[in-house]
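Shown below: target24.cif, with mmCIF, C-alpha atoms and all ligand atoms.
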data_target
#
loop_
_atom_site.label_atom_id
_atom_site.label_comp_id
_atom_site.auth_asym_id
_atom_site.auth_seq_id
_atom_site.Cartn_x
_atom_site.Cartn_y
_atom_site.Cartn_z
CA MET A 1 0.00 0.00 0.00
CA ALA A 2 1.26 3.46 -0.87
CA ALA A 3 2.73 5.78 1.80
CA PRO A 4 0.33 8.28 3.38
CA THR A 5 -0.08 11.42 1.36
CA GLN A 6 -0.48 15.05 2.37
CA LYS A 7 -3.95 16.58 2.28
CA GLY A 8 -4.67 18.72 -0.73
CA GLN A 9 -1.40 18.07 -2.55
CA LEU A 10 -2.89 16.47 -5.60
CA THR A 11 -1.12 16.15 -8.92
CA ALA A 12 -2.98 17.35 -12.00
CA SER A 13 -3.66 13.73 -12.96
CA GLU A 14 -5.12 12.98 -9.53
CA ARG A 15 -7.51 15.94 -9.84
CA LYS A 16 -8.52 14.54 -13.21
CA LEU A 17 -9.07 11.11 -11.60
CA LEU A 18 -11.57 12.59 -9.13
CA GLN A 19 -13.51 14.05 -12.06
CA VAL A 20 -13.45 10.71 -13.87
CA ILE A 21 -14.75 9.03 -10.68
CA GLU A 22 -17.60 11.51 -10.47
CA ALA A 23 -18.45 10.85 -14.13
CA GLY A 24 -18.30 7.11 -13.44
CA ASP A 25 -15.96 6.16 -16.30
CA VAL A 26 -14.41 2.97 -14.90
CA GLN A 27 -12.29 2.20 -17.98
CA GLU A 28 -10.73 5.63 -17.99
CA ALA A 29 -10.06 5.42 -14.23
CA ALA A 30 -8.43 2.00 -14.64
CA GLN A 31 -6.16 3.43 -17.30
CA MET A 32 -5.23 6.44 -15.16
CA LEU A 33 -4.42 4.30 -12.12
CA THR A 34 -1.57 2.63 -14.02
CA SER A 35 0.27 5.95 -14.16
CA ASP A 36 3.04 6.78 -11.64
CA ASP A 37 1.47 10.19 -11.41
CA VAL A 38 -1.66 8.85 -9.70
CA ARG A 39 -1.64 7.58 -6.12
CA VAL A 40 -4.66 5.45 -5.25
CA ASN A 41 -4.76 6.83 -1.68
CA CYS A 42 -4.16 10.50 -2.52
CA LEU A 43 -6.04 13.02 -0.34
CA ASP A 44 -7.99 16.06 -1.48
CA GLU A 45 -8.33 19.27 0.61
CA CYS A 46 -10.91 17.63 2.93
CA GLY A 47 -8.80 14.51 3.35
CA MET A 48 -11.04 12.43 1.08
CA THR A 49 -9.52 9.55 -0.88
CA PRO A 50 -10.71 8.52 -4.36
CA LEU A 51 -12.43 5.53 -2.68
CA MET A 52 -14.40 7.86 -0.38
CA HIS A 53 -15.48 9.93 -3.39
CA ALA A 54 -16.58 6.83 -5.29
CA ALA A 55 -18.47 5.47 -2.25
CA TYR A 56 -20.22 8.78 -1.55
CA LYS A 57 -21.26 9.11 -5.20
CA GLY A 58 -22.60 5.55 -5.11
CA LYS A 59 -20.34 4.20 -7.88
CA ALA A 60 -20.03 0.49 -7.10
CA ASP A 61 -17.86 -0.54 -10.05
CA MET A 62 -15.48 2.30 -9.31
CA CYS A 63 -15.20 1.23 -5.65
CA GLY A 64 -14.41 -2.31 -6.81
CA LEU A 65 -11.66 -1.04 -9.10
CA LEU A 66 -10.08 1.18 -6.43
CA LEU A 67 -10.10 -1.60 -3.81
CA GLN A 68 -8.53 -3.95 -6.33
CA ARG A 69 -5.79 -1.35 -6.91
CA GLY A 70 -4.92 -1.12 -3.22
CA ALA A 71 -7.20 1.60 -1.86
CA ASP A 72 -7.02 1.76 1.95
CA VAL A 73 -10.55 1.04 3.14
CA ASN A 74 -9.80 2.28 6.67
CA CYS A 75 -8.07 5.54 5.78
CA ASN A 76 -9.41 8.21 8.15
CA GLN A 77 -7.60 11.38 7.31
CA HIS A 78 -10.93 13.04 6.53
CA GLU A 79 -11.38 16.37 8.32
CA TYR A 80 -14.37 15.07 10.30
CA GLY A 81 -13.06 11.54 10.64
CA TYR A 82 -15.35 9.99 8.02
CA THR A 83 -14.32 6.62 6.60
CA ALA A 84 -15.17 5.05 3.24
CA LEU A 85 -17.70 2.82 5.07
CA MET A 86 -19.42 5.91 6.47
CA PHE A 87 -19.68 7.43 3.00
CA ALA A 88 -21.03 4.11 1.69
CA GLY A 89 -23.69 4.12 4.44
CA LEU A 90 -24.63 7.72 3.66
CA SER A 91 -24.98 6.89 -0.04
CA GLY A 92 -27.62 4.29 0.82
CA LYS A 93 -26.05 1.69 -1.48
CA THR A 94 -26.04 -1.70 0.20
CA ASP A 95 -23.78 -3.29 -2.42
CA ILE A 96 -21.07 -0.68 -1.79
CA THR A 97 -21.51 -1.03 1.98
CA SER A 98 -21.00 -4.81 1.69
CA MET A 99 -17.98 -4.28 -0.53
CA MET A 100 -16.30 -2.07 2.09
CA LEU A 101 -17.03 -4.62 4.82
CA ASP A 102 -15.66 -7.49 2.74
CA ALA A 103 -12.52 -5.42 2.16
CA GLY A 104 -11.98 -5.24 5.91
CA ALA A 105 -13.65 -1.95 6.87
CA GLU A 106 -13.74 -1.46 10.64
CA THR A 107 -17.33 -1.04 11.82
CA ASP A 108 -16.55 0.60 15.15
CA LEU A 109 -14.43 3.52 13.96
CA VAL A 110 -16.12 6.80 14.92
CA ASN A 111 -16.12 10.22 13.28
CA SER A 112 -15.28 13.46 15.06
CA VAL A 113 -18.62 13.49 16.88
CA GLY A 114 -18.31 9.90 18.02
CA ARG A 115 -20.68 8.32 15.49
CA THR A 116 -20.08 4.94 13.88
CA ALA A 117 -20.92 4.25 10.24
CA ALA A 118 -24.13 2.45 11.28
CA GLN A 119 -25.24 5.34 13.47
CA MET A 120 -24.61 7.85 10.70
CA ALA A 121 -26.52 5.77 8.17
CA ALA A 122 -29.41 5.53 10.66
CA PHE A 123 -29.48 9.31 11.12
CA VAL A 124 -30.03 9.85 7.42
CA GLY A 125 -32.60 7.05 7.22
CA GLN A 126 -30.49 4.56 5.23
CA HIS A 127 -31.81 1.61 7.21
CA ASP A 128 -30.87 -1.02 4.64
CA CYS A 129 -27.23 0.01 5.03
CA VAL A 130 -27.58 -0.04 8.83
CA THR A 131 -28.87 -3.59 8.52
CA VAL A 132 -25.95 -4.64 6.33
CA ILE A 133 -23.40 -3.13 8.73
CA ASN A 134 -25.01 -4.46 11.90
CA ASN A 135 -25.29 -7.96 10.47
CA PHE A 136 -21.78 -8.17 9.05
CA PHE A 137 -19.64 -10.82 10.64
CA PRO A 138 -16.17 -11.75 9.32
CA ARG A 139 -15.93 -15.33 8.10
CA ALA A 140 -12.51 -15.61 9.79
CA ARG A 141 -14.17 -15.49 13.21
CA VAL A 142 -16.12 -18.65 12.36
CA ASP A 143 -13.16 -20.32 10.65
CA TYR A 144 -11.16 -19.86 13.87
CA TYR A 145 -13.09 -22.81 15.35
CA THR A 146 -12.33 -25.12 12.44
CA ARG A 147 -8.75 -25.63 13.66
CA PRO A 148 -7.93 -27.63 16.81
CA ARG A 149 -6.91 -25.34 19.70
CA GLY A 150 -4.60 -26.19 22.60
CA THR A 151 -5.00 -29.84 23.54
CA GLU A 152 -8.03 -30.43 21.33
CA ARG A 153 -7.82 -33.49 19.10
CA GLU A 154 -10.42 -32.22 16.74
CA PRO A 155 -11.74 -28.72 16.12
CA LYS A 156 -14.94 -27.48 17.73
CA LEU A 157 -16.43 -27.01 14.25
CA PRO A 158 -15.89 -29.36 11.28
CA PRO A 159 -14.62 -27.19 8.37
CA ALA A 160 -17.54 -28.29 6.18
CA LEU A 161 -19.99 -26.62 8.58
CA ALA A 162 -18.27 -23.22 8.64
CA GLY A 163 -19.79 -22.01 5.35
CA PRO A 164 -23.41 -22.96 6.12
CA LEU A 165 -23.14 -21.59 9.67
CA HIS A 166 -21.63 -18.30 8.47
CA GLU A 167 -24.49 -17.95 6.00
CA ILE A 168 -26.99 -18.21 8.86
CA ILE A 169 -25.02 -15.70 10.96
CA MET A 170 -25.15 -13.16 8.12
CA THR A 171 -28.91 -13.39 7.58
CA THR A 172 -30.74 -10.10 7.99
CA ASN A 173 -34.09 -11.83 8.33
CA LEU A 174 -34.46 -13.09 11.90
CA ASN A 175 -37.79 -14.78 11.46
CA PRO A 176 -37.29 -18.18 13.16
CA VAL A 177 -39.03 -19.91 10.24
CA LYS A 178 -36.46 -18.38 7.89
CA ILE A 179 -33.58 -19.62 10.05
CA VAL A 180 -35.04 -23.14 10.20
CA MET A 181 -35.38 -23.00 6.39
CA LEU A 182 -31.70 -22.02 6.09
CA VAL A 183 -30.82 -25.04 8.23
CA ARG A 184 -32.95 -27.30 6.01
CA GLU A 185 -31.26 -25.98 2.88
CA ASN A 186 -27.94 -27.41 4.09
CA PRO A 187 -28.25 -31.19 4.49
CA ALA A 188 -24.97 -31.20 6.47
CA LEU A 189 -26.72 -29.16 9.18
CA VAL A 190 -29.79 -31.39 9.47
CA ASP A 191 -27.99 -33.69 11.85
CA VAL A 192 -28.02 -33.90 15.66
CA GLY A 193 -24.22 -33.97 15.98
CA ALA A 194 -23.71 -31.05 13.58
CA LEU A 195 -26.37 -28.91 15.27
CA GLU A 196 -24.83 -29.57 18.66
CA LYS A 197 -21.40 -28.38 17.47
CA CYS A 198 -22.90 -25.34 15.77
CA TYR A 199 -24.93 -24.11 18.72
CA ARG A 200 -21.92 -24.49 21.04
CA VAL A 201 -19.83 -22.36 18.65
CA MET A 202 -22.66 -19.79 18.55
CA ASP A 203 -22.59 -19.62 22.36
CA LEU A 204 -18.83 -19.00 22.27
CA LEU A 205 -19.26 -16.27 19.65
CA CYS A 206 -22.00 -14.71 21.79
CA GLU A 207 -19.66 -14.58 24.77
CA GLN A 208 -16.92 -13.06 22.61
CA CYS A 209 -19.22 -10.31 21.35
CA VAL A 210 -19.98 -9.29 24.94
CA LYS A 211 -16.42 -9.58 26.26
CA GLN A 212 -14.49 -8.03 23.39
CA PRO A 213 -13.13 -4.52 24.06
CA ASP A 214 -15.92 -2.87 22.03
CA SER A 215 -18.70 -4.91 23.50
CA ASN A 216 -21.43 -5.46 20.90
CA GLU A 217 -24.59 -6.40 22.72
CA VAL A 218 -26.83 -6.44 19.67
CA LEU A 219 -24.59 -8.86 17.80
CA ALA A 220 -24.25 -10.95 20.97
CA MET A 221 -28.05 -11.18 21.16
CA LYS A 222 -28.18 -12.30 17.55
CA MET A 223 -25.61 -15.06 18.20
CA HIS A 224 -27.58 -16.18 21.25
CA TYR A 225 -30.84 -16.13 19.31
CA ILE A 226 -29.41 -18.26 16.48
CA SER A 227 -28.04 -20.67 19.09
CA CYS A 228 -31.58 -20.97 20.53
CA VAL A 229 -33.07 -21.73 17.10
CA LEU A 230 -30.37 -24.36 16.43
CA GLN A 231 -31.06 -25.97 19.83
CA LYS A 232 -34.76 -26.04 19.01
CA CYS A 233 -33.96 -27.75 15.68
CA LEU A 234 -31.86 -30.28 17.55
CA ILE A 235 -34.67 -31.11 19.98
CA PHE A 236 -37.16 -31.61 17.14
CA LEU A 237 -34.68 -33.74 15.16
CA GLN A 238 -34.15 -35.98 18.19
CA LYS A 239 -37.89 -36.37 18.67
CA ARG A 240 -38.86 -37.11 15.09
CA ASP A 241 -37.18 -37.74 11.82
CA ASP A 242 -39.24 -35.35 9.69
CA LYS A 243 -36.57 -32.91 8.50
CA LEU A 244 -37.92 -30.23 10.87
CA ASP A 245 -41.42 -30.11 9.34
CA ALA A 246 -43.04 -30.29 12.77
CA LEU A 247 -40.93 -27.37 14.01
CA VAL A 248 -41.91 -25.17 11.06
CA LYS A 249 -45.58 -26.03 11.65
CA SER A 250 -45.35 -25.23 15.35
CA LEU A 251 -43.80 -21.86 14.57
CA LEU A 252 -46.53 -21.02 12.05
CA ARG A 253 -49.62 -22.36 13.81
CA GLY A 254 -51.98 -19.48 14.51
CA ARG A 255 -54.25 -18.97 17.48
CA ASP A 256 -57.83 -20.11 16.66
CA SER A 257 -59.38 -16.76 17.50
CA ASP A 258 -57.23 -14.53 15.30
CA GLY A 259 -54.39 -16.48 13.70
CA PHE A 260 -51.69 -14.91 15.90
CA PRO A 261 -48.66 -17.28 16.01
CA GLN A 262 -48.51 -17.79 19.77
CA TYR A 263 -45.85 -20.47 19.89
CA GLN A 264 -43.49 -18.38 17.76
CA GLU A 265 -43.98 -15.33 19.99
CA LYS A 266 -43.37 -17.38 23.14
CA PHE A 267 -40.29 -18.97 21.60
CA ILE A 268 -38.71 -15.59 20.72
CA ARG A 269 -39.57 -14.10 24.11
CA ASP A 270 -37.98 -17.07 25.86
CA CYS A 271 -34.83 -16.67 23.75
CA ILE A 272 -34.49 -13.01 24.68
CA ARG A 273 -35.17 -13.75 28.35
CA LYS A 274 -32.55 -16.51 28.40
CA PHE A 275 -29.88 -14.12 27.14
CA PRO A 276 -27.07 -14.79 29.62
CA TYR A 277 -25.80 -11.22 29.78
CA CYS A 278 -28.60 -9.60 31.69
CA GLU A 279 -27.58 -5.98 31.37
CA SER A 280 -29.11 -6.08 27.91
CA THR A 281 -31.16 -3.01 27.07
CA LEU A 282 -33.22 -5.23 24.78
CA LEU A 283 -34.58 -7.00 27.84
CA GLN A 284 -35.83 -3.71 29.22
CA GLN A 285 -37.66 -2.93 25.98
CA LEU A 286 -39.42 -6.26 26.19
CA GLY A 287 -42.20 -5.26 28.54
CA ASN A 288 -45.64 -6.25 27.41
CA ASP A 289 -45.62 -3.87 24.51
CA PRO A 290 -44.39 -4.92 21.07
CA THR A 291 -43.93 -8.38 19.70
CA ALA A 292 -40.61 -9.95 20.62
CA TYR A 293 -39.76 -10.27 16.94
CA SER A 294 -40.15 -6.54 16.39
CA VAL A 295 -37.84 -5.74 19.32
CA LEU A 296 -35.18 -8.01 17.92
CA THR A 297 -35.52 -6.68 14.38
CA GLN A 298 -35.55 -3.08 15.57
CA ALA A 299 -32.25 -3.61 17.35
CA LEU A 300 -30.60 -4.96 14.22
CA THR A 301 -32.02 -2.64 11.59
CA GLY A 302 -32.47 0.59 13.52
CA GLN A 303 -36.14 0.65 12.56
CA MET A 304 -39.40 -1.03 13.36
CA ALA A 305 -40.48 -4.11 11.48
CA PHE A 306 -43.90 -3.02 10.33
CA VAL A 307 -46.47 -5.70 9.86
CA ASP A 308 -46.75 -4.82 6.24
CA ALA A 309 -48.19 -6.35 3.11
CA ASP A 310 -44.64 -6.50 1.75
CA TYR A 311 -43.49 -9.15 4.20
CA CYS A 312 -43.92 -12.88 3.64
CA ALA A 313 -46.44 -14.20 6.17
CA THR A 314 -44.38 -17.38 6.57
CA CYS A 315 -40.71 -16.46 6.61
CA GLY A 316 -40.72 -12.66 7.03
CA GLU A 317 -38.74 -12.06 3.83
CA ARG A 318 -39.25 -8.60 2.35
CA GLY A 319 -40.64 -7.94 -1.12
CA ALA A 320 -43.26 -10.69 -0.95
CA ASP A 321 -45.51 -10.26 -4.00
CA LYS A 322 -47.65 -13.40 -4.16
CA ARG A 323 -51.11 -13.25 -2.62
CA CYS A 324 -53.44 -15.89 -1.32
CA SER A 325 -55.75 -16.20 -4.35
CA LEU A 326 -58.84 -16.72 -2.18
CA CYS A 327 -58.70 -13.90 0.36
CA LYS A 328 -56.12 -11.73 -1.42
CA SER A 329 -55.12 -10.39 1.97
CA VAL A 330 -52.03 -12.40 2.87
CA THR A 331 -48.73 -12.20 0.97
CA TYR A 332 -45.94 -14.73 0.45
CA CYS A 333 -42.47 -14.66 -1.09
CA SER A 334 -42.86 -18.06 -2.78
CA LEU A 335 -45.22 -20.93 -3.44
CA THR A 336 -43.31 -23.01 -0.87
CA CYS A 337 -44.03 -20.45 1.81
CA GLN A 338 -47.69 -20.32 0.87
CA GLN A 339 -47.98 -24.11 1.06
CA LEU A 340 -46.22 -24.16 4.44
CA HIS A 341 -48.69 -21.59 5.81
CA TRP A 342 -51.92 -23.06 4.43
CA PHE A 343 -52.59 -25.55 7.24
CA THR A 344 -53.06 -22.62 9.65
CA HIS A 345 -54.11 -19.84 7.26
CA LYS A 346 -57.07 -21.89 6.00
CA LYS A 347 -58.73 -21.35 9.38
CA MET A 348 -58.65 -17.57 8.84
CA CYS A 349 -58.93 -17.41 5.06
CA ARG A 350 -62.70 -17.94 4.85
CA ALA A 351 -63.42 -15.38 7.57
CA ILE A 352 -61.31 -12.81 5.72
CA GLN A 353 -63.10 -13.61 2.44
CA GLU A 354 -66.48 -13.14 4.10
CA GLN A 355 -65.34 -9.85 5.55
CA ASN A 356 -64.17 -8.69 2.12
CA ALA A 357 -67.46 -9.73 0.52
CA HIS A 358 -69.38 -7.91 3.23
CA LEU A 359 -67.47 -4.71 2.52
CA GLY A 360 -68.64 -4.95 -1.09
CA SER A 361 -66.70 -4.64 -4.30
CA ASP A 362 -66.74 -0.84 -4.28
CA ALA A 363 -65.21 -0.54 -0.84
CA PRO A 364 -61.50 0.02 -0.60
CA ARG A 365 -59.65 -3.28 -0.26
CA MET A 366 -58.57 -2.72 3.32
CA LYS A 367 -58.75 -5.60 5.72
CA GLU A 368 -60.69 -4.64 8.83
CA PRO A 369 -58.35 -5.48 11.71
CA ASN A 370 -59.75 -7.76 14.40
CA ASP A 371 -59.32 -6.96 18.09
CA GLY A 372 -56.04 -8.81 18.47
CA GLU A 373 -54.50 -7.03 15.52
CA ARG A 374 -55.83 -3.70 16.70
CA ASP A 375 -54.18 -4.21 20.10
CA LEU A 376 -50.96 -5.18 18.43
CA ALA A 377 -51.07 -2.14 16.16
CA THR A 378 -51.67 0.17 19.14
CA GLU A 379 -48.86 -1.44 21.08
CA THR A 380 -46.52 -1.11 18.13
CA ALA A 381 -47.44 2.55 17.68
CA ASN A 382 -46.82 3.25 21.38
CA PHE A 383 -43.49 1.51 21.28
CA LEU A 384 -42.46 3.42 18.18
CA GLN A 385 -43.41 6.71 19.79
CA GLU A 386 -41.35 5.85 22.84
CA LEU A 387 -38.37 5.03 20.64
CA CYS A 388 -38.67 8.34 18.81
CA LEU A 389 -38.74 10.19 22.12
CA ARG A 390 -35.65 8.33 23.24
CA ALA A 391 -33.89 9.14 19.97
CA GLU A 392 -34.78 12.81 20.34
CA GLU A 393 -33.39 12.83 23.88
CA THR A 394 -30.15 11.33 22.61
CA VAL A 395 -29.91 13.99 19.95
CA ALA A 396 -30.66 16.74 22.47
CA ALA A 397 -28.02 15.36 24.83
CA VAL A 398 -25.27 15.82 22.27
CA GLY A 399 -26.64 19.23 21.42
CA GLY A 400 -28.31 19.51 18.07
CA CYS A 401 -30.43 18.10 15.34
CA PRO A 402 -29.35 14.99 13.43
CA ALA A 403 -28.16 17.03 10.45
CA GLU A 404 -25.89 19.12 12.64
CA LEU A 405 -24.59 16.01 14.36
CA LEU A 406 -23.45 14.71 11.02
CA ALA A 407 -21.76 17.91 9.99
CA CYS A 408 -20.21 19.67 12.96
CA PRO A 409 -17.33 18.32 14.99
CA SER A 410 -18.30 19.56 18.45
CA ALA A 411 -19.47 17.37 21.29
CA PRO A 412 -17.38 14.43 22.48
CA SER A 413 -18.70 10.95 21.89
CA HIS A 414 -21.53 9.88 24.16
CA LYS A 415 -21.49 6.27 25.06
CA PRO A 416 -24.79 4.94 26.37
CA SER A 417 -24.54 5.03 30.15
CA GLY A 418 -23.85 1.68 31.75
CA SER A 419 -26.35 -0.34 33.69
CA GLN A 420 -26.32 0.59 37.32
CA GLN A 421 -29.35 -0.95 38.87
ZN ZN B 1 -41.43 -16.67 2.51
ZN ZN B 2 -56.35 -16.62 2.14
#
Please express what this file holds, its structure, as structure tokens.
Ligand SMILES: [Zn+2]
Ligand SMILES: [Zn+2]
Amino acid sequence: MAAPTQKGQLTASERKLLQVIEAGDVQEAAQMLTSDDVRVNCLDECGMTPLMHAAYKGKADMCGLLLQRGADVNCNQHEYGYTALMFAGLSGKTDITSMMLDAGAETDLVNSVGRTAAQMAAFVGQHDCVTVINNFFPRARVDYYTRPRGTEREPKLPPALAGPLHEIIMTTNLNPVKIVMLVRENPALVDVGALEKCYRVMDLLCEQCVKQPDSNEVLAMKMHYISCVLQKCLIFLQKRDDKLDALVKSLLRGRDSDGFPQYQEKFIRDCIRKFPYCESTLLQQLGNDPTAYSVLTQALTGQMAFVDADYCATCGERGADKRCSLCKSVTYCSLTCQQLHWFTHKKMCRAIQEQNAHLGSDAPRMKEPNDGERDLATETANFLQELCLRAEETVAAVGGCPAELLACPSAPSHKPSGSQQ
């Protein structure tokens, strides 16, 4: 990697490169980068590198080229301490954000007002980027367990399981049905011995996330949660050899009165309650208000998971565009998901159809919520309001509105105060 450069001392060719980056001409940039006159980590007057410019402008191909040519992903000579990852988050481009993370971008570096890349992305409403950053987990930390340590004869994790397990760790959809489906997709995981090894490794990773110098409670909770789902898979596999069908059905089965998946809610609540590091702020949020799933998702995405028509009713995947052809009120991401849900949805489907018919064909196609849903919606709204208030307090505490926080280097970093109860 090239030696650090002085701010603002750009050669004429380097100034030209910044223009080419802005225009997005990757071929021209590639050509220019072969010249001795162009340093890949040169700094403009604000201390921005070409990579930061490309990330901020949302040019993915250009970012790829610059990284390939040795751009320093963690350079932080910027006047307000911004990194390339922060610019990627601000741009709202998830592919560029992932690219920076894969290239080794540090997630806990802070800018001059003590904000991480995820916090900055959240402030400007780029929640998809927040999700990508908060869910990133280096593969090397899983691979660590595939080699025998100390006096071990065999590693804690067989190398063949590292890939499938890492894939589950990186999921941004925490719906338990989705995680069970990810397990089922990997035949190597549908095995009592394999699941036992995997959940033990997840527990170790959970402990690490809490005990590492920059303790990451949210990630620790995710590791713990995945461990709980894997343990549940293990119990069902021991009981019956049905490739986890019974577990999926239990998680989906709706309450007779309103279709609310009680078992799933209880399962997630139990997972959060069993979190071994009790200082968790997540536990305090889990009063009687929102669903446990929404608390968990909120922590990882920086926003509420709205019960929305866009989400698959089975696995929680976003962008679900297939509707139940009878009631036209429930959406799914795939035919598989619809088939999995039918055994319990069929109890509600007719009632919804009758309701729709009653409303008449001229009436707007809104589903009248039943009492249970209405309660849930009220609870969710209350919880959201409380969160907004809390966010406003945080902003007030560091003195300013979110926009100012992003721009001005004033207040020192405010760490959330520790738990002293
Ligand atoms: Zn689905
Ligand atoms: Zn239906």
With distances taken over all atoms listed in the file, the candidate from A:Gln126, A:Thr49, A:Asn76, A:Gln264 nearest A:Ser112 is A:Asn76
To one decimal place, how far is atom CA of A:Asp203 from atom CA of A:Asn216 in Å?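 Computing it gives 14.3 Å between the two atoms.
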Residues within 10 Å of ligand ZN 2 (chain B), counting only C-alpha atoms and all ligand atoms: report them as a PyMOL selection string. chain A and resi 323-331+338+341-342+345-353
Compare A:Gly163, A:Pro138, A:Gly254, A:Gly319 by their minimum atom-to-atom distance to ligand ZN 1 (chain B), counting only C-alpha atoms and all ligand atoms, and give me the closest one. A:Gly319
Set the cut-off to 7 Å, count all atoms listed in the file, and list whatever residues fall near ligand ZN 1 (chain B) as a PyMOL selection string. chain A and resi 312-317+332-334+337
Which residues come within 12 Å of stretch 80-82 of chain A, counting only C-alpha atoms, excluding same-chain residues fewer than 6 positions away, as JSON, numbers by chain? {"A": [46, 47, 48, 49, 51, 52, 53, 55, 56, 73, 74, 88, 89, 90, 106, 107, 108, 109, 110, 111, 112, 113, 114, 115, 116, 117, 120, 121, 405, 406, 407, 408, 409, 410]}
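Taking atom CA of A:Lys266 and atom CA of A:Asn173 as endpoints, the distance between them is 18.3 Å.
The coordinates place atom CA of A:Ala118 at 6.2 Å from atom CA of A:Ile133.
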So that I can see what lies close to stretch 210-215 of chain A, please list as a PyMOL selection string the residues with an atom at most 8 Å from it, counting only C-alpha atoms and leaving out residues fewer than 3 positions away in the same chain. chain A and resi 108+206-207+220+277
I'd like the contact shell of A:Thr344 - 9 Å cut-off, all atoms listed in the file, skipping same-chain residues fewer than 4 positions apart - returned as a PyMOL selection string. chain A and resi 249+252-256+259+340+348
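The residues that lie within 10 Å of the point (-29.7, -34.3, 13.1), counting all atoms listed in the file, are Pro187, Ala188, Leu189, Val190, Asp191, Val192, Gly193, Ala194, Leu195, Glu196, Cys233, Leu234, Ile235, Phe236, Leu237, Gln238, Arg240, Asp241, Lys243 and Leu244 of chain A.
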Please provide as a list in words all residues within 12 Å of stretch 22-27 of chain A, with the sequence filter that same-chain residues fewer than 6 positions apart are discarded (counting only C-alpha atoms). Arg15, Lys16, Leu33, Thr34, Pro50, Leu51, Met52, His53, Ala54, Ala55, Tyr56, Lys57, Gly58, Lys59, Ala60, Asp61, Met62, Cys63, Gly64, Leu65 and Leu66 of chain A
